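*Asks:* Take a look at the following structure, please.
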Amino acid sequence: MSKARLSLRPSTQGYVLLAPALIVYLLFAVYPMIDVIRMSFSAWNGLSPKAKFVGVANYRAILTQDPVFWGALWNTLIWTATAVIVPNLIAFGVALALNQNIPGRSSLRIIFYLPVIIASIAVATIWKWMYDPFFGLFNGLLTSWGLTGLIMDWLGDKRIALWSVFVAHVWQSVGFSMVLFLAGLQSVSTTLIEAARIDGAGRWGVFRYVMLPALVPTITVVFVLSLINSLKAFDIVYGMTGGGPAQSTQMLAMWAYTQSMQLGVFGRGAAVSVVLLMITLVVVIPYMRWMFKREDMGR
Amino acid sequence: MRMRNALAATLSVLAITAGLGLNSAAAEELKIWTLSFDNESANVAWQKIIKEFETANPDITISLENRSVDEHKAALRVAAQSSQGPDIFFMWAGLGLGGEFVNAGLSQPLDKYYDAYGWDKRLVGTAGSFSKIYEGGRHGVPYTFHGEGIYYNKALFEKAGITQLPATYDELKANAAKLKEAGIPAMTFGGTVNWHLMRLMDVILEAKCGAEKHDALMAMKVDWSTDACATASFQELNDWSQNYILSPFMGIDNSQSFNLFLAGRAAMMLEGDWLVSQLRNENRLADFDLFPFPTGTDRLYGFAEYLYVSSKSGKADAAAKFLDYMLSDTVQQDNLGAFGSISINSNVKYEKIDPLDQKWMDIFGKYTKIYMNGDQAFPLDVTTEYFRVINEVASGNIKPDAAGKAMQSFIANR
């Protein structure tokens with residue numbers, strides 16, 4: 001009795017296996033991206049049946065007439081720059097500490113990771129209440145410590161509102177980077193560390209010349225993931241300030257959403273999205289090239 | 001014979017079952033999209049009305065979807081291109097918010113239902129008049145009709161030595177100064193919801209510019225940058241925010257502002273007639289009183305909320321039947337006070353009402369004209385800029401004359 005055998009060539013098998021994922025990707029990632037680019041050259045209010053082609057008018061409008069766009073762009077860039085540094089430095093320090101054989105290490109790891117699993121909107125609600133100028137935790141503590149001069153309208157003062165939100169973001173995101181750093185630290189060869197110590201390297205020497213070079217791939221991954229997530233910053237800002245006060249915490253991703261879904265100016269919203277996409281690509285393409293180069297070198 | 005009877009009985013049962021099945025299949029489901037109202041009495045009343053309507057009309061079932069304000073607007077926009085949207089939807093009346101949906105052809109004219117059900121005979125004239133402002137027929141029916149005025153804490157007014165309610169805007173400012181001298185913040189607002197502070201700007205514009213100029217500014221027919229009353233209004237807003245509003249206010253919302261008002265942290269709050277219901281729920285009616293914001297014009301600050309029938313709905317008759325039920329004397333009488341102080345039905349009897357409700361009745365009786373909230377008068381994009389400029393002025397970040405220029409610049413670039 002002969003058995004039916006699937007005799008596809010390996011390359012064909014690969015395509016067959018890839019097809020479902022590819023279809024989903026094309027439908028839900030590539031097509032919307034192309035459609036957003038098309039929409040950015042159109043005027044559509046989301047209610048009328050057809051969009052009207054307007055050329056580059058939407059880009060001209062957001063770049064020269066929109067009183068919020070440049071502020072949102074600046075906020076996005078400054079947020080991104082600090083978000084790739086501050087939480088990751090804290091996460092790296094925490095990971096180094098929790099990589100030591102200290103009592104309660106597992107519990108501490110869980111505690112630091114917990115904020116990651118809380119939905120951003122819940123994080124926003126928690127912090128919003130802590131920042132409440134009249135009944136919140138921070139102003140309450142400052143009052144009880146006699147530091148009433150430091151009491152602030154944490155989310156209502158445009159000079160500090162963005163940074164108040166940023167603190168909540170740091171609290172939420174440290175755990176994720178910490179886990180990646182921990183994984184990286186645990187993959188550093190103990191043989192190399194011991195060899196370095198035998199050669200006379202101190203704690204700093206081991207860290208600087210053994211651990212840090214071994215952690216470069218992890219650091220790169222953490223850096224790029226933070227960069228991409230920061231550029232897309234939306235939910236925590238939306239939940240805490242909604243872009244206010246006076247649009248001072250507005251971000252590009254949120255402004256694109258506001259333009260499209262709340263103001264019904266889909267063309268301008270799409271143009272903002274395309275600008276954000278371009279900025280992201282400038283960052284992601286060199287990363288992808290570096291990744292592929294590394295993979296090729298590894299073969 | 002027995003066999004035949006058994007067969008007949010079986011067929012009868014099958015026929016009835018099939019009939020029930022048919023009835024069930026023919027039962028129309030109406031989808032209603034409305035807000036999650038801050039006033040819990042309104043949410044409870046909706047559930048009760050729907051249950052009673054379904055009992056009286058077993059051929060119609062209703063699914064109610066409630067959303068917050070921004071989510072509701074976004075959901076309606078998404079549904080505009082689909083047939084899965086609501087049959088009846090909530091939206092404010094006026095050319096700004098409601099007008100956008102009507103002008104886009106998403107609401108169907110209800111002229112024939114107004115005639116068939118005789119709605120005009122039972123509607124309060126001012127409330128129903130909004131249905132006539134659109135082109136191409138009458139759109140929507142009134143759900144509520146609201147006035148907004150100043151609620152004040154009687155004890156705090158007394159403490160500040162205020163014995164007479166202000167009849168003019170200047171007298172109101174003088175009272176605010178007296179309160180400040182007594183160490184009492186005059187007014188409370190929540191800045192995170194932009195529309196709350198906007199109310200103060202709206203009433204100042206009415207007071208400083210007068211009815212005609214105010215309307216022209218909202219219709220964007222007058223230059224905001226050159227008109228002196230617009231700059232003067234921004235100046236007044238800045239003065240209120242720096243001297244008379246309970247601070248900080250930009251980081252709190254309207255609910256927190258209400259709690260502070262209840263706690264006696266500020267003397268006044270610019271709110272709608274629905275606040276009476278909230279004060280009643282808190283058992284605090286006796287501590288507060290109210291008066292219309294003194295603007296010097298003969299118009300009341302207020303607006304109407306409407307229920308529109310979607311143009312995508314194929315169940316307009318059933319939708320109209322439900323709306324007729326909502327507007328009926330019985331339903332409006334039974335749920336008096338749940339949606340607002342005043343019913344949109346003119347046949348409703350107001351007996352044994354609370355003094356604050358009576359105050360609103362007197363105010364509604366006194367005024368025949370209204371001026372609308374800025375976010376209902378302006379198109380959405382201009383509203384967003386209006387919010388931004390108001391917040392900047394209130395925070396002291398831009399000067400009053402620059403505020404008018406910012407508004408006009410945005411309007412000119414549209």
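Chain identifiers are assigned as A, B, and so on, following the order in which chains appear in the structure tokens; residues are numbered from 1 within each chain, and ligands are numbered from 1 in order of appearance.
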Counting only C-alpha atoms, collect the residues of chain B whose closest atom lies at most 10 Å from chain A, and write them out as a count of residues only.
*Replies:* 56
*Asks:* Show which residues sit within 12 Å of Gly365 in chain B, as a list in words. Count only C-alpha atoms, and ignore same-chain residues fewer than 3 positions away.
*Replies:* Val124, Gly125, Thr126, Gly147, Arg299, Leu300, Ile342, Ser346, Gln358, Lys359, Trp360, Met361, Asp362, Thr368 and Lys369 of chain B
*Asks:* Hey, can you spit out that residue selection with C-alpha atoms as a PDB file, in the first residue's frame?
*Replies:*
ATOM      1  CA  VAL B 124     -42.334  73.248  23.722  1.00  0.00           C
ATOM      2  CA  GLY B 125     -41.984  75.703  20.835  1.00  0.00           C
ATOM      3  CA  THR B 126     -38.355  76.709  21.481  1.00  0.00           C
ATOM      4  CA  GLY B 147     -30.561  76.331  30.000  1.00  0.00           C
ATOM      5  CA  ARG B 299     -31.198  85.696  25.515  1.00  0.00           C
ATOM      6  CA  LEU B 300     -30.656  82.662  27.710  1.00  0.00           C
ATOM      7  CA  ILE B 342     -37.881  71.083  32.001  1.00  0.00           C
ATOM      8  CA  SER B 346     -45.633  71.365  26.839  1.00  0.00           C
ATOM      9  CA  GLN B 358     -39.164  76.154  39.796  1.00  0.00           C
ATOM     10  CA  LYS B 359     -36.385  78.695  39.301  1.00  0.00           C
ATOM     11  CA  TRP B 360     -35.553  77.089  35.980  1.00  0.00           C
ATOM     12  CA  MET B 361     -39.240  77.055  35.039  1.00  0.00           C
ATOM     13  CA  ASP B 362     -39.382  80.789  35.724  1.00  0.00           C
ATOM     14  CA  THR B 368     -37.827  83.385  24.442  1.00  0.00           C
ATOM     15  CA  LYS B 369     -34.433  83.441  22.721  1.00  0.00           C
TER      16      LYS B 369
END
*Asks:* Could you jot down the CA of Phe145 in chain B to CA of Ala127 in chain B separation for me, Å, one decimal place?
*Replies:*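 The value is 5.7 Å.
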*Asks:* Looking only at strand (DSSP E or B) from DSSP on the backbone, list the matching residues of range 221-401 of chain B as number ranges by chain.
*Replies:* B: 245, 268-272, 288-291, 299-310, 345, 369-371
*Asks:* Could you list, as an MDAnalysis selection string, every residue within 9 Å of Ala211 in chain B, counting only C-alpha atoms and ignoring same-chain residues fewer than 4 positions away?
*Replies:* chainID B and resid 205:207 215:216 297:299 371
